[in-house]
$ cat upload_9.txt   # compact mmCIF, C-alpha atoms and all ligand atoms
# COMPACT_ATOMS: atom_id res chain seq x y z
CA MET A 105 23.67 26.26 32.68
CA HIS A 106 23.66 24.12 29.55
CA ARG A 107 22.46 21.12 31.54
CA ALA A 108 19.86 23.22 33.33
CA GLY A 109 18.43 24.30 29.96
CA ARG A 110 19.52 27.95 30.42
CA LEU A 111 20.77 27.96 26.88
CA SER A 112 21.37 31.63 26.15
CA GLU A 113 23.35 32.09 29.36
CA ALA A 114 25.32 28.93 28.56
CA GLU A 115 26.01 30.28 25.09
CA GLN A 116 27.50 33.46 26.54
CA GLN A 117 29.74 31.40 28.80
CA TYR A 118 30.98 29.21 25.96
CA GLN A 119 31.67 32.30 23.88
CA GLN A 120 33.59 33.82 26.77
CA ALA A 121 35.57 30.61 27.25
CA LEU A 122 36.46 30.61 23.56
CA VAL A 123 37.60 34.22 23.69
CA LEU A 124 39.98 33.21 26.48
CA GLU A 125 41.02 29.96 24.81
CA PRO A 126 39.97 29.83 21.14
CA ASP A 127 41.23 26.25 20.67
CA ASN A 128 39.73 24.72 23.79
CA ALA A 129 38.37 21.53 22.26
CA ASP A 130 35.88 20.78 25.05
CA ALA A 131 34.38 24.26 24.84
CA LEU A 132 34.17 24.01 21.03
CA HIS A 133 32.50 20.59 21.26
CA LEU A 134 30.03 21.53 23.99
CA TYR A 135 29.17 24.80 22.28
CA GLY A 136 28.49 22.71 19.17
CA LEU A 137 26.08 20.54 21.15
CA LEU A 138 24.37 23.65 22.47
CA MET A 139 23.90 24.86 18.88
CA VAL A 140 22.23 21.53 18.12
CA SER A 141 19.72 22.21 20.92
CA LEU A 142 19.11 25.63 19.38
CA GLY A 143 18.47 24.05 15.95
CA ARG A 144 21.56 25.71 14.39
CA LEU A 145 22.80 22.53 12.78
CA GLU A 146 25.18 23.94 10.15
CA GLN A 147 26.94 26.03 12.77
CA ALA A 148 27.01 23.05 15.14
CA ALA A 149 28.71 20.92 12.50
CA GLY A 150 31.36 23.60 11.93
CA GLN A 151 31.93 23.98 15.65
CA ILE A 152 32.38 20.26 16.37
CA ALA A 153 34.66 19.91 13.33
CA ARG A 154 36.83 22.63 14.90
CA ALA A 155 36.87 20.68 18.19
CA ILE A 156 38.16 17.64 16.24
CA ASP A 157 40.88 19.77 14.61
CA ALA A 158 41.85 21.23 17.97
CA LYS A 159 42.10 17.84 19.66
CA PRO A 160 42.21 14.87 17.28
CA GLY A 161 41.53 11.35 18.44
CA VAL A 162 38.55 11.90 20.77
CA ALA A 163 35.91 9.29 19.94
CA ILE A 164 32.95 11.15 21.41
CA PHE A 165 33.65 14.21 19.24
CA HIS A 166 33.46 12.02 16.14
CA ASN A 167 30.26 10.33 17.35
CA ASN A 168 28.55 13.64 18.04
CA TYR A 169 29.80 15.14 14.78
CA GLY A 170 28.24 12.10 13.09
CA ASN A 171 24.93 12.81 14.84
CA VAL A 172 24.83 16.38 13.55
CA LEU A 173 25.75 15.24 10.02
CA MET A 174 22.93 12.67 10.19
CA ARG A 175 20.49 15.43 11.04
CA LEU A 176 21.81 17.42 8.11
CA GLU A 177 21.15 14.36 5.91
CA ARG A 178 24.90 14.13 5.12
CA LEU A 179 24.88 10.37 5.60
CA ASP A 180 28.19 9.44 3.96
CA GLU A 181 30.11 11.89 6.11
CA ALA A 182 28.19 10.76 9.20
CA GLU A 183 29.13 7.17 8.48
CA GLN A 184 32.82 8.11 8.32
CA GLN A 185 32.56 9.84 11.68
CA TYR A 186 30.85 6.90 13.40
CA ARG A 187 33.41 4.50 11.98
CA GLN A 188 36.23 6.76 13.14
CA ALA A 189 34.71 6.89 16.65
CA ILE A 190 34.64 3.07 16.72
CA VAL A 191 38.25 2.83 15.47
CA LEU A 192 39.33 5.19 18.23
CA ASP A 193 37.34 3.42 20.92
CA SER A 194 36.01 -0.06 20.23
CA ASP A 195 33.75 0.19 23.32
CA ARG A 196 31.91 3.21 21.89
CA VAL A 197 28.50 1.50 21.83
CA ASP A 198 26.63 4.70 21.03
CA ALA A 199 28.62 5.06 17.80
CA MET A 200 27.89 1.42 16.89
CA ASN A 201 24.20 1.92 17.56
CA ASN A 202 24.19 5.11 15.48
CA LEU A 203 26.01 3.34 12.67
CA GLY A 204 23.36 0.61 12.73
CA VAL A 205 20.59 3.21 12.46
CA LEU A 206 22.39 4.96 9.62
CA LEU A 207 22.85 1.75 7.63
CA SER A 208 19.22 0.85 8.09
CA ARG A 209 18.19 4.33 6.96
CA ARG A 210 20.19 3.79 3.79
CA GLY A 211 18.27 0.55 3.20
CA GLN A 212 21.40 -1.54 4.02
CA HIS A 213 19.32 -3.69 6.33
CA ALA A 214 21.65 -6.72 6.30
CA ASP A 215 24.64 -4.55 7.32
CA ALA A 216 22.55 -2.78 9.94
CA GLU A 217 21.43 -6.12 11.35
CA LYS A 218 25.05 -7.31 11.61
CA VAL A 219 26.17 -4.19 13.53
CA LEU A 220 23.15 -4.18 15.86
CA LEU A 221 23.23 -7.92 16.51
CA ARG A 222 26.89 -7.67 17.49
CA LEU A 223 25.97 -4.81 19.78
CA VAL A 224 23.13 -6.61 21.60
CA GLU A 225 25.38 -9.65 22.06
CA LEU A 226 28.04 -7.39 23.53
CA LEU A 227 25.60 -5.47 25.69
CA PRO A 228 22.32 -7.40 26.09
CA GLN A 229 20.75 -4.68 28.26
CA PHE A 230 21.20 -1.93 25.60
CA SER A 231 17.50 -1.32 24.91
CA ASP A 232 18.00 1.29 22.18
CA ALA A 233 20.02 -1.17 20.15
CA ARG A 234 17.35 -3.85 20.59
CA GLN A 235 14.67 -1.37 19.53
CA ASN A 236 16.68 -0.41 16.44
CA LEU A 237 17.28 -4.06 15.60
CA ALA A 238 13.56 -4.77 15.98
CA GLN A 239 12.86 -1.92 13.57
CA VAL A 240 15.25 -3.43 11.04
CA TYR A 241 13.31 -6.68 11.37
CA ILE A 242 9.97 -4.90 10.89
CA ALA A 243 11.34 -3.14 7.79
CA THR A 244 12.37 -6.49 6.32
CA GLY A 245 9.14 -8.28 7.23
CA ARG A 246 10.77 -10.50 9.90
CA LEU A 247 8.08 -9.72 12.40
CA SER A 248 8.51 -12.54 14.90
CA GLU A 249 12.20 -11.68 15.23
CA ALA A 250 11.14 -8.08 15.92
CA VAL A 251 8.79 -9.33 18.65
CA ASP A 252 11.59 -11.47 20.09
CA GLN A 253 14.03 -8.53 20.32
CA CYS A 254 11.42 -6.29 21.97
CA LEU A 255 10.48 -8.95 24.51
CA LYS A 256 14.15 -9.57 25.35
CA GLY A 257 14.69 -5.83 25.77
CA LEU A 258 11.63 -5.53 28.01
CA VAL A 259 13.07 -8.15 30.36
CA THR A 260 15.89 -5.77 31.30
CA THR A 261 13.99 -2.47 30.88
CA PRO A 262 10.32 -3.39 31.45
CA ALA A 263 8.99 0.17 31.23
CA ASN A 264 10.86 1.15 28.07
CA ARG A 265 8.34 3.07 25.97
CA GLY A 266 10.25 2.81 22.70
CA LEU A 267 10.39 -0.98 22.96
CA ARG A 268 6.72 -1.18 23.89
CA HIS A 269 5.81 1.00 20.95
CA VAL A 270 7.78 -1.07 18.44
CA LEU A 271 6.38 -4.27 19.98
CA GLY A 272 2.85 -2.90 19.46
CA LEU A 273 3.65 -2.16 15.81
CA ALA A 274 5.03 -5.66 15.31
CA TYR A 275 1.96 -7.24 16.93
CA GLY A 276 -0.22 -5.07 14.69
CA ALA A 277 1.62 -6.11 11.53
CA LEU A 278 1.33 -9.77 12.58
CA GLY A 279 -2.39 -9.33 13.31
CA TRP A 280 -1.88 -10.46 16.93
CA VAL A 281 -4.77 -8.49 18.33
CA ASP A 282 -4.99 -10.12 21.80
CA GLU A 283 -1.29 -9.58 22.47
CA ALA A 284 -1.53 -5.97 21.32
CA VAL A 285 -4.56 -5.21 23.48
CA GLU A 286 -2.85 -6.73 26.50
CA LEU A 287 0.32 -4.75 25.83
CA TYR A 288 -1.51 -1.42 25.61
CA ARG A 289 -3.80 -2.22 28.56
CA ASN A 290 -0.86 -3.03 30.85
CA TRP A 291 1.03 -0.01 29.59
CA LEU A 292 -1.92 2.28 30.35
CA GLU A 293 -2.34 0.79 33.82
CA GLU A 294 1.22 1.82 34.61
CA ASP A 295 1.19 5.04 32.65
CA PRO A 296 -2.36 6.30 32.02
CA ASP A 297 -1.10 9.50 30.37
CA ASP A 298 0.99 7.87 27.67
CA VAL A 299 -0.39 9.31 24.46
CA ARG A 300 0.77 6.53 22.17
CA ALA A 301 -0.58 3.75 24.40
CA ARG A 302 -3.92 5.60 24.72
CA HIS A 303 -4.21 6.20 20.97
CA HIS A 304 -3.47 2.61 19.96
CA TYR A 305 -5.56 1.11 22.77
CA SER A 306 -8.53 3.13 21.47
CA ALA A 307 -7.80 1.93 17.95
CA TYR A 308 -7.80 -1.73 19.02
CA THR A 309 -10.74 -1.63 21.39
CA GLY A 310 -12.90 1.14 19.92
CA GLN A 311 -13.03 2.72 23.39
CA GLY A 312 -12.60 6.49 23.62
CA VAL A 313 -11.65 6.88 19.96
CA PRO A 314 -10.72 10.56 19.44
CA ASP A 315 -12.08 12.59 16.51
CA ARG A 316 -8.49 13.18 15.49
CA ALA A 317 -5.05 12.25 16.75
CA SER A 318 -3.98 14.54 19.57
CA ALA A 319 -1.23 17.06 18.87
CA ALA A 320 0.86 15.28 21.50
CA TYR A 321 0.52 11.95 19.66
CA VAL A 322 1.42 13.52 16.31
CA ARG A 323 4.46 15.25 17.80
CA MET A 324 5.64 12.15 19.61
CA THR A 325 5.30 10.11 16.42
CA PHE A 326 7.02 12.52 14.07
CA ASP A 327 9.59 14.10 16.38
CA THR A 328 11.16 10.67 16.76
CA PHE A 329 10.55 9.62 13.16
CA ALA A 330 11.86 12.77 11.49
CA GLU A 331 15.43 11.61 11.11
CA GLY A 332 14.65 8.45 9.18
CA PHE A 333 11.41 9.64 7.58
CA GLU A 334 12.50 10.15 3.99
CA SER A 335 14.59 7.01 3.64
CA LYS A 336 11.93 4.90 5.35
CA LEU A 337 9.24 6.21 3.03
CA ALA A 338 11.43 5.77 -0.04
CA ASP A 339 11.74 2.13 1.08
CA LEU A 340 7.92 1.93 1.15
CA ASP A 341 7.55 3.31 -2.38
CA TYR A 342 5.81 6.41 -1.03
CA ARG A 343 3.73 8.20 -3.69
CA ALA A 344 1.58 10.84 -1.95
CA PRO A 345 3.76 13.92 -2.69
CA ALA A 346 4.08 13.04 -6.38
CA LEU A 347 0.34 12.30 -6.62
CA VAL A 348 -0.58 15.61 -5.07
CA GLY A 349 1.99 17.40 -7.25
CA GLN A 350 0.67 15.79 -10.43
CA ALA A 351 -2.94 16.54 -9.52
CA LEU A 352 -2.10 20.18 -8.92
CA ALA A 353 -0.20 20.35 -12.21
CA LYS A 354 -3.20 18.89 -14.04
CA ALA A 355 -5.51 21.46 -12.46
CA LEU A 356 -3.24 24.46 -12.98
CA GLY A 357 -1.45 23.81 -16.28
CA GLU A 358 1.91 25.47 -16.98
CA PRO A 359 3.76 26.62 -13.86
CA ARG A 360 4.17 30.39 -13.62
CA ALA A 361 5.50 30.86 -10.11
CA ALA A 362 2.51 33.14 -9.47
CA LEU A 363 0.48 31.50 -6.70
CA ARG A 364 0.39 31.55 -2.94
CA ILE A 365 0.42 27.92 -1.85
CA ALA A 366 0.11 26.31 1.57
CA ASP A 367 1.41 22.82 2.36
CA ALA A 368 -0.54 21.55 5.38
CA GLY A 369 1.42 18.92 7.30
CA CYS A 370 4.47 19.66 5.16
CA GLY A 371 6.68 17.30 7.17
CA THR A 372 10.21 17.20 5.78
CA GLY A 373 9.06 19.05 2.67
CA LEU A 374 8.74 16.19 0.19
CA CYS A 375 5.95 18.03 -1.67
CA ALA A 376 7.92 21.25 -2.08
CA ARG A 377 9.70 20.39 -5.30
CA PHE A 378 6.34 19.75 -6.98
CA LEU A 379 4.80 22.94 -5.63
CA LYS A 380 7.65 25.41 -5.98
CA PRO A 381 7.35 25.92 -9.78
CA TYR A 382 3.77 27.17 -9.21
CA ALA A 383 4.50 29.24 -6.15
CA ARG A 384 5.14 32.90 -5.71
CA GLU A 385 5.02 32.12 -2.02
CA LEU A 386 5.19 28.65 -0.49
CA VAL A 387 4.20 28.22 3.15
CA GLY A 388 4.58 25.01 5.13
CA VAL A 389 2.88 24.20 8.44
CA ASP A 390 3.51 21.23 10.68
CA LEU A 391 3.27 20.27 14.34
CA SER A 392 6.69 18.64 14.50
CA ARG A 393 9.76 20.83 14.85
CA PRO A 394 12.25 18.15 13.76
CA MET A 395 10.19 17.55 10.61
CA LEU A 396 10.17 21.30 9.92
CA GLU A 397 13.94 21.50 10.48
CA ARG A 398 14.37 19.07 7.62
CA ALA A 399 11.92 20.97 5.44
CA ALA A 400 14.00 24.11 6.06
CA LEU A 401 17.12 22.36 4.73
CA LYS A 402 15.42 22.10 1.32
CA GLN A 403 15.36 25.92 1.08
CA LEU A 404 12.16 25.87 -0.97
CA TYR A 405 9.67 27.30 1.53
CA ASP A 406 9.22 31.03 2.07
CA GLU A 407 7.70 30.43 5.48
CA LEU A 408 7.59 27.45 7.82
CA ARG A 409 5.31 27.44 10.85
CA GLN A 410 5.09 25.07 13.76
CA ALA A 411 1.35 24.91 14.43
CA ASP A 412 -1.74 22.78 14.23
CA LEU A 413 -2.77 22.98 10.61
CA VAL A 414 -6.46 23.72 11.26
CA GLU A 415 -5.62 26.58 13.61
CA PHE A 416 -3.06 27.89 11.16
CA LEU A 417 -5.46 27.81 8.17
CA GLN A 418 -8.16 29.49 10.24
CA SER A 419 -5.75 32.30 11.07
CA ARG A 420 -5.10 33.10 7.36
CA PRO A 421 -8.41 34.11 5.71
CA ASP A 422 -8.34 34.41 1.89
CA ALA A 423 -4.59 33.94 1.92
CA PHE A 424 -3.92 31.15 -0.58
CA ASP A 425 -4.63 30.20 -4.20
CA ALA A 426 -3.94 26.55 -3.46
CA LEU A 427 -3.80 24.33 -0.40
CA ILE A 428 -2.29 20.87 -0.51
CA SER A 429 -1.94 18.18 2.11
CA ALA A 430 -0.22 14.86 1.46
CA ASP A 431 -0.62 11.92 3.81
CA THR A 432 -1.53 14.14 6.77
CA LEU A 433 -5.31 14.05 7.04
CA CYS A 434 -4.92 10.39 7.97
CA TYR A 435 -4.31 11.86 11.44
CA PHE A 436 -7.86 13.23 11.42
CA GLY A 437 -11.06 11.23 11.72
CA VAL A 438 -13.65 14.00 11.49
CA LEU A 439 -12.77 16.23 8.53
CA ASP A 440 -15.33 19.05 9.00
CA GLY A 441 -12.95 21.35 10.88
CA PHE A 442 -10.26 20.91 8.26
CA ALA A 443 -12.69 21.46 5.37
CA ALA A 444 -14.06 24.66 6.93
CA ALA A 445 -10.56 25.99 7.64
CA ALA A 446 -9.47 25.10 4.09
CA ARG A 447 -12.44 27.01 2.65
CA HIS A 448 -11.64 29.95 4.94
CA CYS A 449 -7.98 30.26 3.90
CA LEU A 450 -8.53 29.80 0.17
CA LEU A 451 -9.44 32.60 -2.25
CA PRO A 452 -12.49 32.15 -4.49
CA GLY A 453 -11.58 29.62 -7.19
CA GLY A 454 -8.78 28.30 -4.96
CA ARG A 455 -7.70 24.67 -5.31
CA LEU A 456 -7.59 22.09 -2.58
CA VAL A 457 -5.64 18.87 -3.23
CA PHE A 458 -5.05 16.18 -0.63
CA THR A 459 -4.78 12.47 0.06
CA VAL A 460 -6.43 10.34 2.73
CA GLU A 461 -6.39 6.60 3.30
CA ALA A 462 -9.37 4.73 1.89
CA LEU A 463 -11.96 3.04 4.09
CA ASP A 464 -13.49 0.52 1.76
CA ASP A 465 -16.51 -0.30 3.90
CA GLU A 466 -19.09 2.11 2.44
CA GLN A 467 -21.60 1.23 5.17
CA ALA A 468 -19.24 2.05 8.04
CA THR A 469 -20.48 4.39 10.77
CA PRO A 470 -18.91 6.64 11.62
CA PRO A 471 -17.68 7.07 8.06
CA TRP A 472 -14.07 7.03 9.19
CA ARG A 473 -12.09 4.57 11.27
CA LEU A 474 -9.05 4.72 13.50
CA GLN A 475 -7.00 1.72 12.34
CA THR A 476 -4.76 -0.26 14.68
CA HIS A 477 -1.61 1.19 13.08
CA GLY A 478 -2.74 4.56 14.47
CA ARG A 479 -3.92 6.35 11.35
CA TYR A 480 -7.50 7.02 10.22
CA SER A 481 -9.11 5.96 6.98
CA HIS A 482 -12.17 7.56 5.36
CA ARG A 483 -15.14 6.59 3.27
CA ARG A 484 -15.12 8.21 -0.14
CA ALA A 485 -18.71 9.49 0.20
CA TYR A 486 -17.87 11.11 3.54
CA VAL A 487 -14.95 13.01 2.03
CA GLU A 488 -17.15 14.21 -0.81
CA GLU A 489 -20.09 15.26 1.39
CA THR A 490 -17.83 17.07 3.85
CA LEU A 491 -16.18 19.12 1.12
CA ILE A 492 -19.49 20.06 -0.52
CA ALA A 493 -20.94 21.07 2.86
CA ALA A 494 -17.91 23.32 3.46
CA GLY A 495 -18.39 25.15 0.15
CA PHE A 496 -16.30 23.27 -2.41
CA GLN A 497 -17.55 22.44 -5.90
CA ALA A 498 -18.04 18.82 -6.99
CA PRO A 499 -14.79 17.29 -5.76
CA GLU A 500 -12.96 14.79 -7.95
CA ILE A 501 -11.96 11.74 -5.94
CA GLN A 502 -9.71 9.08 -7.39
CA GLY A 503 -8.60 5.77 -5.89
CA VAL A 504 -4.77 5.63 -5.69
CA PHE A 505 -1.88 3.56 -4.32
CA LEU A 506 -0.22 5.61 -1.56
CA ARG A 507 2.62 3.37 -0.36
CA ASN A 508 3.35 -0.08 1.00
CA GLU A 509 3.04 -1.03 4.63
CA SER A 510 4.28 -4.35 5.99
CA LYS A 511 4.67 -5.36 2.35
CA LYS A 512 0.98 -4.66 1.58
CA PRO A 513 -0.30 -1.75 -0.55
CA VAL A 514 -2.07 1.12 1.24
CA ALA A 515 -5.01 2.40 -0.83
CA GLY A 516 -6.04 6.02 -0.68
CA TRP A 517 -8.21 8.75 -2.14
CA LEU A 518 -6.62 11.57 -4.09
CA VAL A 519 -8.97 14.54 -3.81
CA ILE A 520 -9.12 17.71 -5.90
CA ALA A 521 -11.69 20.38 -5.14
CA THR A 522 -12.25 24.04 -5.98
CA THR A 523 -13.87 26.69 -3.82
CA CYS A 524 -17.18 28.11 -5.09
C1 LIG B 601 3.19 11.30 7.00
S1 LIG B 601 3.77 12.91 7.27
C2 LIG B 601 3.60 13.60 5.63
C3 LIG B 601 4.51 14.77 5.42
C4 LIG B 601 4.49 15.34 4.01
N1 LIG B 601 3.21 15.93 3.69
C5 LIG B 601 4.86 14.27 3.02
O1 LIG B 601 4.01 13.87 2.23
O2 LIG B 601 6.01 13.83 3.04
C6 LIG B 601 2.46 13.68 8.17
C7 LIG B 601 2.87 15.04 8.71
O3 LIG B 601 1.70 15.68 9.17
C8 LIG B 601 1.99 16.37 10.36
N2 LIG B 601 0.70 16.58 11.07
C9 LIG B 601 -0.19 15.64 11.45
N3 LIG B 601 -1.26 16.23 12.05
C10 LIG B 601 -1.03 17.57 12.00
C11 LIG B 601 -1.76 18.70 12.44
N4 LIG B 601 -2.94 18.58 13.05
N5 LIG B 601 -1.23 19.93 12.24
C12 LIG B 601 -0.02 20.07 11.63
N6 LIG B 601 0.72 19.01 11.20
C13 LIG B 601 0.23 17.78 11.38
C14 LIG B 601 2.98 15.47 11.06
O4 LIG B 601 3.73 16.17 12.03
C15 LIG B 601 3.81 14.97 9.89
O5 LIG B 601 4.93 15.78 9.66
$ encode --input "upload_9.txt" --output "structure tokens"
Amino acid sequence: MHRAGRLSEAEQQYQQALVLEPDNADALHLYGLLMVSLGRLEQAAGQIARAIDAKPGVAIFHNNYGNVLMRLERLDEAEQQYRQAIVLDSDRVDAMNNLGVLLSRRGQHADAEKVLLRLVELLPQFSDARQNLAQVYIATGRLSEAVDQCLKGLVTTPANRGLRHVLGLAYGALGWVDEAVELYRNWLEEDPDDVRARHHYSAYTGQGVPDRASAAYVRMTFDTFAEGFESKLADLDYRAPALVGQALAKALGEPRAALRIADAGCGTGLCARFLKPYARELVGVDLSRPMLERAALKQLYDELRQADLVEFLQSRPDAFDALISADTLCYFGVLDGFAAAARHCLLPGGRLVFTVEALDDEQATPPWRLQTHGRYSHRRAYVEETLIAAGFQAPEIQGVFLRNESKKPVAGWLVIATTC
């Protein structure tokens, strides 16, 4: 039943098994994995820890316990578990791969490289390890080595989407446009429905550019990115949450925990600590469940919703005193729908604060562009005109540094507007 996805029936069976045999380690472990699928991570950790107590010395229990601890952001404990799994079984390649990912998430790129290199030498056809190694190389600016790992991986698993995706990112960072276009074209010929290939192919060729990134593309990007999101962005000197927080503080003055605030595209909740002092009620909305799971761990939101942000804001008329959105509207080209929904959900005098990436070309038409990395950038004048047309008073727009990308600064607009 568990394998067939009939999770509540499977849960009953595990419970029954544990009534009959409370210390059955396999039942404890598998029930723990089921709890992971149900998003009950704390309980899952407790359950798998009990499996380890009931039957010590099983490498896979330690590996899977490590995975749950990773998702709970308890990285030191996760590291211990992966290392224990490897001590118990030196062939446990999944634990080695996980350890490599963990080290790279901590910014220990040299250690991660060592673990993952050893792994791909041991098992050259292990595509996940090659993909993770390529990502370590991208993070450290060694782009041709990233390309090399992806190409080697694609020899053994030619249709591997993860490797293709990372290869596309490496080509993009290197500025190898022809190679990137060929990669995405071939990928689409084999798999015309692949949302990432379609999105990036449009970005490179200008063909069929969507007004905004599809929900499927956003989910695919962030569902897989959620686990390493915060450490990766810390590595990139990510500023958007602090910028939005400071702008709101400047507009509102002393915090009085009196406002209803929405965080659109809240992700893992990095903005929450800036917003909470002002909030009587703090609501986060995001398309990606794994991102929201991490936001929930912060215990700062009163409500978290999995939804498209425009639909969500439209469904809450006159509900908020402030709406913020950090580094999220870069997944929209056309901003009219967002601006109208923002106006609709805000009370009169409500504040809107957000960031977008800057499109410097003030002559560009349309006044936004889908860039080859997959995000959109916007002309300043377009942002201003769109907000005024939607019913906001003279927006203040400031040029800011948002974060680094491939060792180059990403410039953005920090926008503050008030409803009429
Ligand atoms: C780069 S992250 C930023 C997260 C957070 N605001 C921060 O600053 O850390 C962008 C987030 O926007 C979400 N997102 C993008 N488009 C969205 C949409 N149309 N509706 C809801 N969430 C969206 C993604 O799932 C992702 O979690």
$ closest_atom_pairs --input "upload_9.txt" --of "region 238-299 of chain A" --to "region 188-210 of chain A" --cutoff "12 Å" --atoms "only C-alpha atoms" --output "CSV"
residue,atom,partner,partner_atom,distance
A:Ala238,CA,A:Val205,CA,11.2
A:Gln239,CA,A:Ser208,CA,8.8
A:Val240,CA,A:Ser208,CA,6.5
A:Tyr241,CA,A:Ser208,CA,10.1
A:Ile242,CA,A:Ser208,CA,11.2
A:Ala243,CA,A:Ser208,CA,8.8
A:Thr244,CA,A:Ser208,CA,10.2
$ residues_around --input "upload_9.txt" --residues "Val224 (chain A)" --least-positions-apart "3" --cutoff "12 Å" --atoms "only C-alpha atoms" --output "count of residues only"
26
$ closest_atom_pairs --input "upload_9.txt" --of "chain A" --to "ligand LIG 601 (chain B)" --cutoff "6 Å" --atoms "only C-alpha atoms and all ligand atoms" --output "CSV"
residue,atom,partner,partner_atom,distance
A:Val322,CA,B:LIG601,O4,5.5
A:Arg323,CA,B:LIG601,O4,5.9
A:Phe326,CA,B:LIG601,O4,5.3
A:Ala344,CA,B:LIG601,O1,5.7
A:Pro345,CA,B:LIG601,O1,4.9
A:Gly369,CA,B:LIG601,O3,3.8
A:Cys370,CA,B:LIG601,N1,4.2
A:Gly371,CA,B:LIG601,O5,3.4
A:Leu374,CA,B:LIG601,O2,4.6
A:Val389,CA,B:LIG601,C12,6.0
A:Asp390,CA,B:LIG601,N6,3.6
A:Leu391,CA,B:LIG601,N6,4.2
A:Ser392,CA,B:LIG601,O4,4.6
A:Met395,CA,B:LIG601,O5,5.6
A:Ala411,CA,B:LIG601,C12,5.8
A:Asp412,CA,B:LIG601,N5,3.5
A:Leu413,CA,B:LIG601,N5,3.8
A:Ser429,CA,B:LIG601,N1,5.8
A:Ala430,CA,B:LIG601,N1,4.2
A:Asp431,CA,B:LIG601,C2,4.9
A:Thr432,CA,B:LIG601,C6,4.3
A:Tyr435,CA,B:LIG601,N3,5.4
$ atom_distance --input "upload_9.txt" --atom1 "CA of Ala521 (chain A)" --atom2 "CA of His477 (chain A)"
28.3 Å
$ residues_around --input "upload_9.txt" --residues "Thr476 (chain A)" --least-positions-apart "4" --cutoff "12 Å" --atoms "only C-alpha atoms" --output "PyMOL selection string"
chain A and resi 272-281+284-285+288+300-310+313+480-481
$ closest_residue --input "upload_9.txt" --among "A:Arg246, A:Arg154, A:Arg107, A:Arg447" --to "Lys511 (chain A)" --atoms "all atoms listed in the file"
A:Arg246
$ atom_distance --input "upload_9.txt" --atom1 "CA of Gly211 (chain A)" --atom2 "CA of Asp339 (chain A)"
7.0 Å
$ residues_around --input "upload_9.txt" --residues "region 376-386 of chain A" --least-positions-apart "3" --cutoff "6 Å" --atoms "only C-alpha atoms" --output "ChimeraX atom specification"
/A:349,359-366,373,405-406
$ closest_residue --input "upload_9.txt" --among "A:Arg455, A:Arg507, A:Arg144, A:Arg484" --to "Asp341 (chain A)" --atoms "all atoms listed in the file"
A:Arg507
$ closest_residue --input "upload_9.txt" --among "A:Met139, A:Arg265, A:Ala494, A:Leu271" --to "Asp295 (chain A)" --atoms "all atoms listed in the file"
A:Arg265
$ closest_residue --input "upload_9.txt" --among "A:Leu456, A:Ala493, A:Ala330, A:Val487" --to "Gly516 (chain A)" --atoms "all atoms listed in the file"
A:Val487
$ residues_near_point --input "upload_9.txt" --point "(14.1, 22.7, 8.0)" --cutoff "10 Å" --atoms "all atoms listed in the file" --output "list in words"
Gly143, Leu145, Leu176, Gly371, Thr372, Gly373, Arg393, Pro394, Met395, Leu396, Glu397, Arg398, Ala399, Ala400, Leu401, Lys402, Gln403, Leu404, Tyr405 and Leu408 of chain A
$ residues_near_point --input "upload_9.txt" --point "(-14.0, 9.6, 9.5)" --cutoff "12 Å" --atoms "only C-alpha atoms" --output "PyMOL selection string"
chain A and resi 313-317+433-442+460-466+468-475+479-490
$ residues_around --input "upload_9.txt" --residues "Gly109 (chain A)" --least-positions-apart "3" --cutoff "12 Å" --atoms "all atoms listed in the file" --output "ChimeraX atom specification"
/A:105-106,112-115,138,141-142
$ write_last_selection --input "upload_9.txt" --atoms "C-alpha atoms" --output "mmCIF file, keeping the file's coordinate frame"
data_model
loop_
_atom_site.group_PDB
_atom_site.id
_atom_site.type_symbol
_atom_site.label_atom_id
_atom_site.label_comp_id
_atom_site.auth_asym_id
_atom_site.auth_seq_id
_atom_site.Cartn_x
_atom_site.Cartn_y
_atom_site.Cartn_z
ATOM 1 C CA MET A 105 23.670 26.260 32.680
ATOM 2 C CA HIS A 106 23.660 24.120 29.550
ATOM 3 C CA SER A 112 21.370 31.630 26.150
ATOM 4 C CA GLU A 113 23.350 32.090 29.360
ATOM 5 C CA ALA A 114 25.320 28.930 28.560
ATOM 6 C CA GLU A 115 26.010 30.280 25.090
ATOM 7 C CA LEU A 138 24.370 23.650 22.470
ATOM 8 C CA SER A 141 19.720 22.210 20.920
ATOM 9 C CA LEU A 142 19.110 25.630 19.380
#
$ axis_aligned_box --input "upload_9.txt" --around "region 460-470 of chain A" --padding-each-side "5 Å" --output "lines of an AutoDock Vina configuration file"
center_x = -14.0
center_y = 5.0
center_z = 6.7
size_x = 25.2
size_y = 20.6
size_z = 19.9
$ closest_residue --input "upload_9.txt" --among "A:Met174, A:Ala216, A:Val259, A:Ile164" --to "Glu146 (chain A)" --atoms "all atoms listed in the file"
A:Met174
$ closest_residue --input "upload_9.txt" --among "A:Leu287, A:Leu340, A:Val140, A:Ala263" --to "Glu509 (chain A)" --atoms "all atoms listed in the file"
A:Leu340
$ atom_distance --input "upload_9.txt" --atom1 "CA of Gln147 (chain A)" --atom2 "CA of Gln410 (chain A)"
21.9 Å
$ residues_around --input "upload_9.txt" --residues "Gly495 (chain A)" --least-positions-apart "6" --cutoff "9 Å" --atoms "all atoms listed in the file" --output "PyMOL selection string"
chain A and resi 443-444+447+522-524
